[in-house]
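For reference, upload-v3.cif is printed below; it contains mmCIF, N, CA and C atoms.
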```
data_entry
#
loop_
_atom_site.label_atom_id
_atom_site.label_comp_id
_atom_site.auth_asym_id
_atom_site.auth_seq_id
_atom_site.Cartn_x
_atom_site.Cartn_y
_atom_site.Cartn_z
N MET R 9 0.85 -1.15 0.00
CA MET R 9 0.00 0.00 0.00
C MET R 9 0.90 1.21 0.00
N SER R 10 0.58 2.19 -0.79
CA SER R 10 1.39 3.41 -0.82
C SER R 10 0.49 4.62 -1.01
N GLY R 11 0.94 5.72 -0.46
CA GLY R 11 0.20 6.96 -0.57
C GLY R 11 0.61 7.93 0.51
N ARG R 12 -0.14 9.00 0.65
CA ARG R 12 0.12 10.00 1.67
C ARG R 12 0.07 9.34 3.05
N ASN R 13 1.04 9.63 3.91
CA ASN R 13 1.06 9.03 5.24
C ASN R 13 -0.10 9.54 6.09
N LYS R 14 -0.82 8.60 6.65
CA LYS R 14 -1.92 8.93 7.57
C LYS R 14 -1.71 8.06 8.80
N PRO R 15 -1.55 8.67 9.97
CA PRO R 15 -1.21 7.89 11.18
C PRO R 15 -2.17 6.76 11.50
N GLU R 16 -3.43 6.91 11.15
CA GLU R 16 -4.42 5.89 11.51
C GLU R 16 -4.46 4.71 10.53
N LEU R 17 -3.76 4.79 9.41
CA LEU R 17 -3.87 3.77 8.37
C LEU R 17 -3.47 2.38 8.88
N LEU R 18 -2.32 2.25 9.49
CA LEU R 18 -1.86 0.93 9.94
C LEU R 18 -2.82 0.35 10.98
N GLY R 19 -3.33 1.18 11.86
CA GLY R 19 -4.28 0.70 12.86
C GLY R 19 -5.56 0.20 12.23
N LEU R 20 -6.09 0.92 11.24
CA LEU R 20 -7.31 0.50 10.56
C LEU R 20 -7.10 -0.81 9.81
N VAL R 21 -5.99 -0.88 9.09
CA VAL R 21 -5.69 -2.09 8.30
C VAL R 21 -5.50 -3.28 9.23
N SER R 22 -4.72 -3.11 10.29
CA SER R 22 -4.46 -4.25 11.17
C SER R 22 -5.73 -4.69 11.90
N GLN R 23 -6.61 -3.77 12.25
CA GLN R 23 -7.87 -4.16 12.89
C GLN R 23 -8.74 -4.97 11.93
N MET R 24 -8.83 -4.53 10.69
CA MET R 24 -9.62 -5.26 9.69
C MET R 24 -9.04 -6.66 9.47
N LEU R 25 -7.72 -6.76 9.39
CA LEU R 25 -7.09 -8.07 9.22
C LEU R 25 -7.37 -8.96 10.42
N SER R 26 -7.32 -8.39 11.60
CA SER R 26 -7.62 -9.13 12.82
C SER R 26 -9.05 -9.65 12.81
N ASP R 27 -9.97 -8.85 12.33
CA ASP R 27 -11.37 -9.26 12.27
C ASP R 27 -11.58 -10.50 11.42
N HIS R 28 -10.67 -10.73 10.47
CA HIS R 28 -10.77 -11.88 9.57
C HIS R 28 -9.82 -13.02 9.96
N GLY R 29 -9.12 -12.86 11.09
CA GLY R 29 -8.20 -13.92 11.54
C GLY R 29 -6.96 -14.04 10.68
N VAL R 30 -6.56 -12.93 10.03
CA VAL R 30 -5.39 -12.95 9.15
C VAL R 30 -4.11 -12.93 10.00
N ARG R 31 -3.15 -13.72 9.57
CA ARG R 31 -1.84 -13.78 10.24
C ARG R 31 -0.85 -12.93 9.44
N ILE R 32 -0.13 -12.04 10.13
CA ILE R 32 0.89 -11.21 9.47
C ILE R 32 2.21 -11.94 9.58
N LEU R 33 2.75 -12.35 8.42
CA LEU R 33 4.00 -13.10 8.37
C LEU R 33 5.22 -12.20 8.29
N ASP R 34 5.04 -11.02 7.69
CA ASP R 34 6.14 -10.06 7.57
C ASP R 34 5.53 -8.69 7.33
N ILE R 35 6.24 -7.66 7.75
CA ILE R 35 5.76 -6.30 7.56
C ILE R 35 6.96 -5.37 7.39
N GLY R 36 6.79 -4.39 6.55
CA GLY R 36 7.80 -3.36 6.38
C GLY R 36 7.09 -2.04 6.09
N GLU R 37 7.59 -0.98 6.67
CA GLU R 37 6.98 0.32 6.46
C GLU R 37 8.07 1.37 6.38
N ALA R 38 7.88 2.31 5.47
CA ALA R 38 8.79 3.45 5.37
C ALA R 38 7.96 4.68 5.04
N VAL R 39 8.31 5.78 5.65
CA VAL R 39 7.69 7.06 5.34
C VAL R 39 8.81 7.99 4.91
N ILE R 40 8.72 8.45 3.68
CA ILE R 40 9.73 9.35 3.13
C ILE R 40 9.00 10.57 2.60
N HIS R 41 9.32 11.72 3.16
CA HIS R 41 8.68 12.98 2.77
C HIS R 41 7.16 12.86 2.80
N ASP R 42 6.67 12.29 3.88
CA ASP R 42 5.24 12.13 4.15
C ASP R 42 4.54 11.18 3.18
N GLU R 43 5.30 10.39 2.43
CA GLU R 43 4.74 9.36 1.56
C GLU R 43 5.00 8.00 2.19
N LEU R 44 3.93 7.23 2.33
CA LEU R 44 3.99 5.93 2.99
C LEU R 44 4.17 4.81 1.98
N SER R 45 5.02 3.86 2.34
CA SER R 45 5.12 2.60 1.62
C SER R 45 4.99 1.51 2.67
N LEU R 46 3.92 0.72 2.57
CA LEU R 46 3.63 -0.31 3.55
C LEU R 46 3.51 -1.65 2.84
N GLY R 47 4.31 -2.61 3.27
CA GLY R 47 4.24 -3.95 2.69
C GLY R 47 3.88 -4.95 3.76
N LEU R 48 2.95 -5.82 3.44
CA LEU R 48 2.51 -6.86 4.37
C LEU R 48 2.52 -8.20 3.66
N LEU R 49 3.06 -9.21 4.31
CA LEU R 49 2.97 -10.57 3.81
C LEU R 49 1.97 -11.26 4.73
N LEU R 50 0.84 -11.67 4.15
CA LEU R 50 -0.29 -12.14 4.94
C LEU R 50 -0.62 -13.59 4.67
N GLN R 51 -1.09 -14.26 5.70
CA GLN R 51 -1.67 -15.59 5.55
C GLN R 51 -3.15 -15.46 5.89
N VAL R 52 -3.98 -15.57 4.86
CA VAL R 52 -5.42 -15.43 5.03
C VAL R 52 -6.01 -16.82 5.21
N PRO R 53 -6.79 -17.02 6.28
CA PRO R 53 -7.35 -18.35 6.50
C PRO R 53 -8.31 -18.76 5.39
N ALA R 54 -8.28 -20.03 5.08
CA ALA R 54 -9.22 -20.56 4.09
C ALA R 54 -10.61 -20.50 4.70
N GLY R 55 -11.58 -20.43 3.85
CA GLY R 55 -12.95 -20.44 4.35
C GLY R 55 -13.81 -19.45 3.57
N THR R 56 -15.07 -19.44 3.92
CA THR R 56 -16.01 -18.54 3.25
C THR R 56 -16.88 -17.87 4.30
N ARG R 57 -17.39 -16.74 3.92
CA ARG R 57 -18.40 -16.03 4.69
C ARG R 57 -19.52 -15.73 3.71
N GLY R 58 -20.58 -16.38 3.91
CA GLY R 58 -21.65 -16.25 2.93
C GLY R 58 -21.22 -16.94 1.66
N SER R 59 -21.34 -16.25 0.55
CA SER R 59 -21.01 -16.85 -0.74
C SER R 59 -19.59 -16.49 -1.21
N ARG R 60 -18.83 -15.74 -0.39
CA ARG R 60 -17.50 -15.30 -0.84
C ARG R 60 -16.40 -15.86 0.05
N SER R 61 -15.24 -16.06 -0.55
CA SER R 61 -14.09 -16.58 0.21
C SER R 61 -13.55 -15.48 1.12
N THR R 62 -12.88 -15.91 2.17
CA THR R 62 -12.28 -14.96 3.10
C THR R 62 -11.27 -14.07 2.39
N ILE R 63 -10.48 -14.66 1.50
CA ILE R 63 -9.47 -13.85 0.81
C ILE R 63 -10.12 -12.78 -0.06
N THR R 64 -11.22 -13.10 -0.71
CA THR R 64 -11.93 -12.11 -1.51
C THR R 64 -12.42 -10.96 -0.63
N LEU R 65 -12.99 -11.29 0.52
CA LEU R 65 -13.46 -10.26 1.44
C LEU R 65 -12.32 -9.39 1.94
N VAL R 66 -11.21 -10.01 2.31
CA VAL R 66 -10.05 -9.26 2.81
C VAL R 66 -9.53 -8.31 1.72
N LEU R 67 -9.38 -8.82 0.50
CA LEU R 67 -8.88 -7.98 -0.58
C LEU R 67 -9.83 -6.83 -0.89
N GLU R 68 -11.11 -7.10 -0.89
CA GLU R 68 -12.10 -6.03 -1.12
C GLU R 68 -12.02 -4.97 -0.04
N GLN R 69 -11.92 -5.39 1.22
CA GLN R 69 -11.87 -4.42 2.30
C GLN R 69 -10.55 -3.65 2.32
N LEU R 70 -9.44 -4.32 2.02
CA LEU R 70 -8.16 -3.61 1.91
C LEU R 70 -8.22 -2.57 0.79
N SER R 71 -8.78 -2.97 -0.33
CA SER R 71 -8.90 -2.05 -1.46
C SER R 71 -9.76 -0.84 -1.10
N GLU R 72 -10.85 -1.10 -0.40
CA GLU R 72 -11.74 -0.01 0.01
C GLU R 72 -11.06 0.92 1.00
N GLN R 73 -10.33 0.35 1.96
CA GLN R 73 -9.62 1.19 2.93
C GLN R 73 -8.55 2.02 2.23
N ALA R 74 -7.82 1.42 1.31
CA ALA R 74 -6.80 2.16 0.58
C ALA R 74 -7.42 3.32 -0.19
N LYS R 75 -8.50 3.05 -0.88
CA LYS R 75 -9.19 4.08 -1.66
C LYS R 75 -9.67 5.21 -0.76
N ASP R 76 -10.28 4.85 0.39
CA ASP R 76 -10.78 5.86 1.33
C ASP R 76 -9.66 6.73 1.87
N MET R 77 -8.46 6.18 1.98
CA MET R 77 -7.32 6.92 2.51
C MET R 77 -6.50 7.59 1.41
N GLY R 78 -6.93 7.44 0.16
CA GLY R 78 -6.18 8.04 -0.94
C GLY R 78 -4.89 7.32 -1.23
N ALA R 79 -4.85 6.04 -0.94
CA ALA R 79 -3.64 5.24 -1.15
C ALA R 79 -3.85 4.26 -2.30
N ALA R 80 -2.76 3.74 -2.81
CA ALA R 80 -2.80 2.73 -3.86
C ALA R 80 -2.49 1.37 -3.24
N LEU R 81 -3.16 0.36 -3.72
CA LEU R 81 -2.98 -1.00 -3.21
C LEU R 81 -2.59 -1.92 -4.34
N ARG R 82 -1.58 -2.74 -4.09
CA ARG R 82 -1.18 -3.76 -5.05
C ARG R 82 -1.06 -5.07 -4.29
N CYS R 83 -1.70 -6.11 -4.77
CA CYS R 83 -1.68 -7.42 -4.12
C CYS R 83 -1.07 -8.44 -5.06
N THR R 84 -0.17 -9.25 -4.53
CA THR R 84 0.49 -10.29 -5.31
C THR R 84 0.41 -11.61 -4.55
N PRO R 85 -0.22 -12.62 -5.13
CA PRO R 85 -0.25 -13.93 -4.46
C PRO R 85 1.15 -14.53 -4.41
N ILE R 86 1.47 -15.17 -3.29
CA ILE R 86 2.76 -15.82 -3.10
C ILE R 86 2.51 -17.32 -2.97
N SER R 87 3.21 -18.10 -3.79
CA SER R 87 3.03 -19.56 -3.72
C SER R 87 3.70 -20.12 -2.47
N ALA R 88 3.28 -21.30 -2.07
CA ALA R 88 3.89 -21.97 -0.92
C ALA R 88 5.38 -22.21 -1.17
N ALA R 89 5.74 -22.52 -2.41
CA ALA R 89 7.15 -22.76 -2.75
C ALA R 89 7.96 -21.47 -2.62
N ASP R 90 7.42 -20.34 -3.10
CA ASP R 90 8.12 -19.06 -2.96
C ASP R 90 8.27 -18.67 -1.50
N TYR R 91 7.23 -18.91 -0.72
CA TYR R 91 7.30 -18.59 0.70
C TYR R 91 8.36 -19.46 1.38
N ALA R 92 8.38 -20.74 1.07
CA ALA R 92 9.38 -21.65 1.67
C ALA R 92 10.79 -21.22 1.29
N ARG R 93 10.99 -20.78 0.06
CA ARG R 93 12.30 -20.30 -0.39
C ARG R 93 12.70 -19.05 0.41
N TRP R 94 11.74 -18.14 0.62
CA TRP R 94 11.99 -16.92 1.38
C TRP R 94 12.37 -17.25 2.82
N VAL R 95 11.61 -18.16 3.44
CA VAL R 95 11.90 -18.58 4.82
C VAL R 95 13.29 -19.21 4.88
N GLY R 96 13.63 -19.99 3.87
CA GLY R 96 14.93 -20.66 3.83
C GLY R 96 16.11 -19.71 3.76
N GLN R 97 15.87 -18.48 3.37
CA GLN R 97 16.94 -17.49 3.28
C GLN R 97 17.31 -16.92 4.65
N GLN R 98 16.50 -17.22 5.66
CA GLN R 98 16.86 -16.80 7.01
C GLN R 98 18.18 -17.46 7.37
N GLY R 99 18.98 -16.73 8.05
CA GLY R 99 20.27 -17.28 8.46
C GLY R 99 21.34 -17.17 7.40
N GLN R 100 20.96 -16.71 6.21
CA GLN R 100 21.96 -16.50 5.18
C GLN R 100 22.86 -15.33 5.60
N PRO R 101 24.09 -15.32 5.15
CA PRO R 101 24.99 -14.22 5.53
C PRO R 101 24.40 -12.86 5.11
N ARG R 102 24.54 -11.90 5.97
CA ARG R 102 24.09 -10.53 5.71
C ARG R 102 25.31 -9.62 5.83
N PHE R 103 25.30 -8.57 5.05
CA PHE R 103 26.40 -7.61 5.08
C PHE R 103 25.82 -6.23 5.31
N ILE R 104 26.51 -5.45 6.08
CA ILE R 104 26.11 -4.06 6.30
C ILE R 104 27.16 -3.18 5.64
N VAL R 105 26.71 -2.31 4.76
CA VAL R 105 27.59 -1.37 4.09
C VAL R 105 27.28 0.01 4.65
N THR R 106 28.31 0.69 5.11
CA THR R 106 28.13 2.02 5.66
C THR R 106 28.92 3.01 4.81
N LEU R 107 28.24 4.03 4.33
CA LEU R 107 28.89 5.10 3.59
C LEU R 107 29.02 6.30 4.52
N LEU R 108 30.22 6.76 4.73
CA LEU R 108 30.44 7.93 5.57
C LEU R 108 30.72 9.11 4.65
N SER R 109 29.89 10.11 4.76
CA SER R 109 30.02 11.24 3.86
C SER R 109 29.26 12.43 4.42
N ASN R 110 29.63 13.60 3.97
CA ASN R 110 28.91 14.83 4.32
C ASN R 110 27.58 14.89 3.57
N GLY R 111 27.42 14.05 2.63
CA GLY R 111 26.23 13.94 1.79
C GLY R 111 26.53 12.82 0.80
N ILE R 112 25.54 12.37 0.10
CA ILE R 112 25.78 11.30 -0.86
C ILE R 112 25.27 11.74 -2.22
N THR R 113 26.06 11.47 -3.21
CA THR R 113 25.67 11.83 -4.57
C THR R 113 25.05 10.63 -5.26
N ALA R 114 24.36 10.89 -6.33
CA ALA R 114 23.78 9.80 -7.12
C ALA R 114 24.90 8.91 -7.67
N ALA R 115 26.03 9.49 -8.04
CA ALA R 115 27.15 8.71 -8.57
C ALA R 115 27.70 7.76 -7.51
N GLN R 116 27.79 8.21 -6.26
CA GLN R 116 28.28 7.34 -5.19
C GLN R 116 27.31 6.19 -4.95
N LEU R 117 26.03 6.49 -4.91
CA LEU R 117 25.03 5.44 -4.71
C LEU R 117 25.03 4.45 -5.88
N ALA R 118 25.17 4.97 -7.09
CA ALA R 118 25.21 4.10 -8.27
C ALA R 118 26.42 3.16 -8.20
N ALA R 119 27.57 3.67 -7.74
CA ALA R 119 28.76 2.83 -7.64
C ALA R 119 28.55 1.69 -6.64
N VAL R 120 27.95 1.99 -5.51
CA VAL R 120 27.69 0.96 -4.50
C VAL R 120 26.70 -0.07 -5.04
N THR R 121 25.62 0.38 -5.67
CA THR R 121 24.62 -0.58 -6.17
C THR R 121 25.18 -1.43 -7.30
N ARG R 122 26.09 -0.89 -8.10
CA ARG R 122 26.74 -1.71 -9.14
C ARG R 122 27.55 -2.84 -8.50
N LEU R 123 28.29 -2.52 -7.43
CA LEU R 123 29.08 -3.54 -6.75
C LEU R 123 28.18 -4.60 -6.11
N VAL R 124 27.11 -4.16 -5.50
CA VAL R 124 26.17 -5.09 -4.88
C VAL R 124 25.64 -6.06 -5.94
N SER R 125 25.24 -5.52 -7.06
CA SER R 125 24.70 -6.34 -8.15
C SER R 125 25.76 -7.26 -8.74
N LEU R 126 26.96 -6.76 -8.89
CA LEU R 126 28.07 -7.54 -9.45
C LEU R 126 28.30 -8.82 -8.66
N TYR R 127 28.13 -8.77 -7.35
CA TYR R 127 28.34 -9.93 -6.50
C TYR R 127 27.06 -10.71 -6.22
N GLY R 128 25.99 -10.41 -6.97
CA GLY R 128 24.75 -11.16 -6.85
C GLY R 128 24.01 -10.93 -5.55
N LEU R 129 24.23 -9.81 -4.92
CA LEU R 129 23.58 -9.49 -3.66
C LEU R 129 22.37 -8.60 -3.92
N THR R 130 21.54 -8.46 -2.91
CA THR R 130 20.41 -7.54 -3.00
C THR R 130 20.45 -6.60 -1.80
N ILE R 131 19.81 -5.48 -1.94
CA ILE R 131 19.74 -4.50 -0.87
C ILE R 131 18.42 -4.68 -0.15
N ASP R 132 18.49 -4.99 1.14
CA ASP R 132 17.28 -5.19 1.95
C ASP R 132 16.75 -3.87 2.49
N GLY R 133 17.60 -2.91 2.70
CA GLY R 133 17.14 -1.65 3.26
C GLY R 133 18.21 -0.59 3.13
N VAL R 134 17.76 0.65 3.09
CA VAL R 134 18.66 1.80 3.04
C VAL R 134 18.18 2.75 4.13
N ARG R 135 19.10 3.23 4.93
CA ARG R 135 18.72 4.15 6.00
C ARG R 135 19.73 5.29 6.08
N ARG R 136 19.22 6.48 6.15
CA ARG R 136 20.07 7.66 6.32
C ARG R 136 20.22 7.88 7.81
N LEU R 137 21.43 7.97 8.29
CA LEU R 137 21.66 8.19 9.71
C LEU R 137 22.07 9.63 10.01
N SER R 138 22.40 10.37 8.97
CA SER R 138 22.87 11.74 9.16
C SER R 138 21.69 12.70 9.27
N GLY R 139 22.01 13.91 9.66
CA GLY R 139 21.00 14.95 9.70
C GLY R 139 20.60 15.38 8.30
N ARG R 140 19.53 16.09 8.23
CA ARG R 140 19.05 16.60 6.94
C ARG R 140 19.88 17.81 6.54
N VAL R 141 20.28 17.81 5.29
CA VAL R 141 21.17 18.85 4.78
C VAL R 141 20.34 19.98 4.18
N PRO R 142 20.57 21.22 4.61
CA PRO R 142 19.86 22.34 4.01
C PRO R 142 20.28 22.54 2.55
N LEU R 143 19.41 23.10 1.75
CA LEU R 143 19.71 23.32 0.34
C LEU R 143 20.85 24.32 0.13
N THR R 144 21.14 25.16 1.09
CA THR R 144 22.17 26.18 0.93
C THR R 144 23.57 25.64 1.13
N VAL R 145 23.73 24.40 1.56
CA VAL R 145 25.05 23.81 1.77
C VAL R 145 25.60 23.35 0.43
N THR R 146 26.85 23.69 0.15
CA THR R 146 27.48 23.25 -1.11
C THR R 146 28.40 22.08 -0.80
N GLU R 147 28.63 21.25 -1.82
CA GLU R 147 29.53 20.11 -1.66
C GLU R 147 30.94 20.58 -1.51
N ARG R 148 31.75 19.82 -0.77
CA ARG R 148 33.16 20.15 -0.56
C ARG R 148 34.04 19.34 -1.44
#
```

Take the structure in this file and express it as structure tokens.
Amino acid sequence: MSGRNKPELLGLVSQMLSDHGVRILDIGEAVIHDELSLGLLLQVPAGTRGSRSTITLVLEQLSEQAKDMGAALRCTPISAADYARWVGQQGQPRFIVTLLSNGITAAQLAAVTRLVSLYGLTIDGVRRLSGRVPLTVTER
């Protein structure tokens, strides 16, 4: 789910999922410049309510909540084999790359991502630890 950050969004979504007995297997959230990116890996219980499956109801309600909040929703089914492969990656070696700089340029980031790709690695997360740089600061 992505869109303008609204503090109540995660609470509304998680309550609706709880109402349907949905299990959250993984979650990631980032807010950048007041824009939200929320990813959830869900296990929806099999079953029906009335004439519709639980998954259909959950997807409809998620879609409606996203629309009401002005957010976009994208849903992708994950096969049991893909999930098992993902779980199997736990415990795999992880590397932390730290760039120390007064600021970072696109060229510096491109160089790091080229190296990451060259060695067949992926980037799980990027985090800025420095303060925010005012526009009036020039590079040294």

- Could you please write out, as an MDAnalysis selection string, every residue of range 29-147 of chain R that DSSP assigns to strand (DSSP E or B)? chainID R and resid 31:40 43:51 56:57 60:61 79:80

- Mind checking DSSP for range 10-147 of chain R and telling me the alpha helix (DSSP H) residues as a PyMOL selection string? chain R and resi 17-27+62-76+88-96+114-126

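Nearest residue to Cys83 in chain R among R:Met9, R:Ile104, R:Ala54, R:Val124 is R:Met9, counting all atoms listed in the file.
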
- Task: Spell out the residues picked by the PyMOL selection byres (((chain R and resi 138 and name CA) around 12) and name CA) here, as a list in words.
- Result: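 In the shown coordinates, the PyMOL selection byres (((chain R and resi 138 and name CA) around 12) and name CA) covers Thr106, Leu107, Leu108, Ser109, Asn110, Gly111, Ile112, Arg135, Arg136, Leu137, Gly139, Arg140 and Val141 of chain R.
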
- Written as a PyMOL selection string, what is the full residue list that the PyMOL selection byres (((chain R and resi 20 and name CA) around 12) and name CA) yields on the file shown? chain R and resi 14-19+21-27+69-70+72-74+76-77

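Among the candidates R:Ala114, R:Gly11, R:Leu81, R:Phe103, the one nearest to Asp132 in chain R when counting only C-alpha atoms is R:Phe103.
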
- Using the chain letters and residue numbers of this document, give as a ChimeraX atom specification the residues selected by the PyMOL selection byres ((chain R and resi 31-37) around 5). /R:29-30,38-39,45-51

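Going from CA of Gly133 in chain R over to atom N of Val105 in chain R, you cover 9.7 Å.
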
- Query: Between atom N of Glu43 in chain R and atom C of Ser10 in chain R, what is the distance, to one decimal in Å?
  - Reply: 8.3 Å

- Message: Please compute the CA of Thr62 in chain R-CA of Tyr91 in chain R distance, one decimal, in Å.
- Response: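 Result for CA of Thr62 in chain R versus CA of Tyr91 in chain R: 20.1 Å, one decimal.
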
- Message: Quick one: residues within 6.5 Å of Arg12 in chain R, all atoms listed in the file, excluding same-chain residues fewer than 5 positions away - as an MDAnalysis selection string?
- Response: chainID R and resid 42:44 78:79

Padding of 6 Å on every side, edges along x, y and z, all listed atoms of range 57-71 of chain R included: what centre and edge lengths in Å, to one decimal, does that box have, as AutoDock Vina command-line options?
```
--center_x -14.9 --center_y -8.9 --center_z 1.6 --size_x 25.5 --size_y 28.1 --size_z 18.2
```

Give me range 28-37 of chain R with all heavy atoms filled in, as a PDB file, in the frame of the given file.
```pdb
ATOM      1  N   HIS R  28     -10.670 -10.730  10.470  1.00  0.00           N
ATOM      2  CA  HIS R  28     -10.770 -11.880   9.570  1.00  0.00           C
ATOM      3  C   HIS R  28      -9.820 -13.020   9.960  1.00  0.00           C
ATOM      4  O   HIS R  28      -9.687 -13.995   9.228  1.00  0.00           O
ATOM      5  CB  HIS R  28     -10.498 -11.458   8.124  1.00  0.00           C
ATOM      6  CG  HIS R  28     -11.577 -10.622   7.527  1.00  0.00           C
ATOM      7  ND1 HIS R  28     -12.783 -11.149   7.115  1.00  0.00           N
ATOM      8  CD2 HIS R  28     -11.651  -9.295   7.298  1.00  0.00           C
ATOM      9  CE1 HIS R  28     -13.550 -10.184   6.639  1.00  0.00           C
ATOM     10  NE2 HIS R  28     -12.886  -9.048   6.744  1.00  0.00           N
ATOM     11  N   GLY R  29      -9.120 -12.860  11.090  1.00  0.00           N
ATOM     12  CA  GLY R  29      -8.200 -13.920  11.540  1.00  0.00           C
ATOM     13  C   GLY R  29      -6.960 -14.040  10.680  1.00  0.00           C
ATOM     14  O   GLY R  29      -6.344 -15.104  10.608  1.00  0.00           O
ATOM     15  N   VAL R  30      -6.560 -12.930  10.030  1.00  0.00           N
ATOM     16  CA  VAL R  30      -5.390 -12.950   9.150  1.00  0.00           C
ATOM     17  C   VAL R  30      -4.110 -12.930  10.000  1.00  0.00           C
ATOM     18  O   VAL R  30      -4.013 -12.228  11.002  1.00  0.00           O
ATOM     19  CB  VAL R  30      -5.413 -11.724   8.206  1.00  0.00           C
ATOM     20  CG1 VAL R  30      -4.128 -11.616   7.409  1.00  0.00           C
ATOM     21  CG2 VAL R  30      -6.617 -11.818   7.269  1.00  0.00           C
ATOM     22  N   ARG R  31      -3.150 -13.720   9.570  1.00  0.00           N
ATOM     23  CA  ARG R  31      -1.840 -13.780  10.240  1.00  0.00           C
ATOM     24  C   ARG R  31      -0.850 -12.930   9.440  1.00  0.00           C
ATOM     25  O   ARG R  31      -0.733 -13.083   8.229  1.00  0.00           O
ATOM     26  CB  ARG R  31      -1.390 -15.244  10.266  1.00  0.00           C
ATOM     27  CG  ARG R  31      -0.135 -15.477  11.022  1.00  0.00           C
ATOM     28  CD  ARG R  31       0.081 -16.986  11.148  1.00  0.00           C
ATOM     29  NE  ARG R  31       1.437 -17.239  11.593  1.00  0.00           N
ATOM     30  CZ  ARG R  31       2.124 -18.306  11.264  1.00  0.00           C
ATOM     31  NH1 ARG R  31       1.590 -19.233  10.501  1.00  0.00           N
ATOM     32  NH2 ARG R  31       3.346 -18.471  11.711  1.00  0.00           N
ATOM     33  N   ILE R  32      -0.130 -12.040  10.130  1.00  0.00           N
ATOM     34  CA  ILE R  32       0.890 -11.210   9.470  1.00  0.00           C
ATOM     35  C   ILE R  32       2.210 -11.940   9.580  1.00  0.00           C
ATOM     36  O   ILE R  32       2.742 -12.153  10.666  1.00  0.00           O
ATOM     37  CB  ILE R  32       0.968  -9.809  10.126  1.00  0.00           C
ATOM     38  CG1 ILE R  32      -0.375  -9.087   9.947  1.00  0.00           C
ATOM     39  CG2 ILE R  32       2.113  -8.999   9.507  1.00  0.00           C
ATOM     40  CD1 ILE R  32      -0.473  -7.763  10.676  1.00  0.00           C
ATOM     41  N   LEU R  33       2.750 -12.350   8.420  1.00  0.00           N
ATOM     42  CA  LEU R  33       4.000 -13.100   8.370  1.00  0.00           C
ATOM     43  C   LEU R  33       5.220 -12.200   8.290  1.00  0.00           C
ATOM     44  O   LEU R  33       6.309 -12.558   8.732  1.00  0.00           O
ATOM     45  CB  LEU R  33       3.985 -14.059   7.168  1.00  0.00           C
ATOM     46  CG  LEU R  33       2.835 -15.071   7.148  1.00  0.00           C
ATOM     47  CD1 LEU R  33       2.810 -15.825   5.828  1.00  0.00           C
ATOM     48  CD2 LEU R  33       2.933 -16.025   8.324  1.00  0.00           C
ATOM     49  N   ASP R  34       5.040 -11.020   7.690  1.00  0.00           N
ATOM     50  CA  ASP R  34       6.140 -10.060   7.570  1.00  0.00           C
ATOM     51  C   ASP R  34       5.530  -8.690   7.330  1.00  0.00           C
ATOM     52  O   ASP R  34       4.426  -8.580   6.774  1.00  0.00           O
ATOM     53  CB  ASP R  34       7.076 -10.443   6.413  1.00  0.00           C
ATOM     54  CG  ASP R  34       8.414  -9.712   6.469  1.00  0.00           C
ATOM     55  OD1 ASP R  34       8.769  -9.164   7.536  1.00  0.00           O
ATOM     56  OD2 ASP R  34       9.120  -9.689   5.445  1.00  0.00           O
ATOM     57  N   ILE R  35       6.240  -7.660   7.750  1.00  0.00           N
ATOM     58  CA  ILE R  35       5.760  -6.300   7.560  1.00  0.00           C
ATOM     59  C   ILE R  35       6.960  -5.370   7.390  1.00  0.00           C
ATOM     60  O   ILE R  35       8.013  -5.580   7.998  1.00  0.00           O
ATOM     61  CB  ILE R  35       4.882  -5.851   8.758  1.00  0.00           C
ATOM     62  CG1 ILE R  35       4.288  -4.455   8.518  1.00  0.00           C
ATOM     63  CG2 ILE R  35       5.646  -5.927  10.059  1.00  0.00           C
ATOM     64  CD1 ILE R  35       3.238  -4.059   9.545  1.00  0.00           C
ATOM     65  N   GLY R  36       6.790  -4.390   6.550  1.00  0.00           N
ATOM     66  CA  GLY R  36       7.800  -3.360   6.380  1.00  0.00           C
ATOM     67  C   GLY R  36       7.090  -2.040   6.090  1.00  0.00           C
ATOM     68  O   GLY R  36       6.092  -2.014   5.368  1.00  0.00           O
ATOM     69  N   GLU R  37       7.590  -0.980   6.670  1.00  0.00           N
ATOM     70  CA  GLU R  37       6.980   0.320   6.460  1.00  0.00           C
ATOM     71  C   GLU R  37       8.070   1.370   6.380  1.00  0.00           C
ATOM     72  O   GLU R  37       9.058   1.319   7.107  1.00  0.00           O
ATOM     73  CB  GLU R  37       6.044   0.659   7.629  1.00  0.00           C
ATOM     74  CG  GLU R  37       5.387   2.017   7.489  1.00  0.00           C
ATOM     75  CD  GLU R  37       4.578   2.407   8.706  1.00  0.00           C
ATOM     76  OE1 GLU R  37       5.161   2.467   9.811  1.00  0.00           O
ATOM     77  OE2 GLU R  37       3.379   2.650   8.552  1.00  0.00           O
TER      78      GLU R  37
END
```
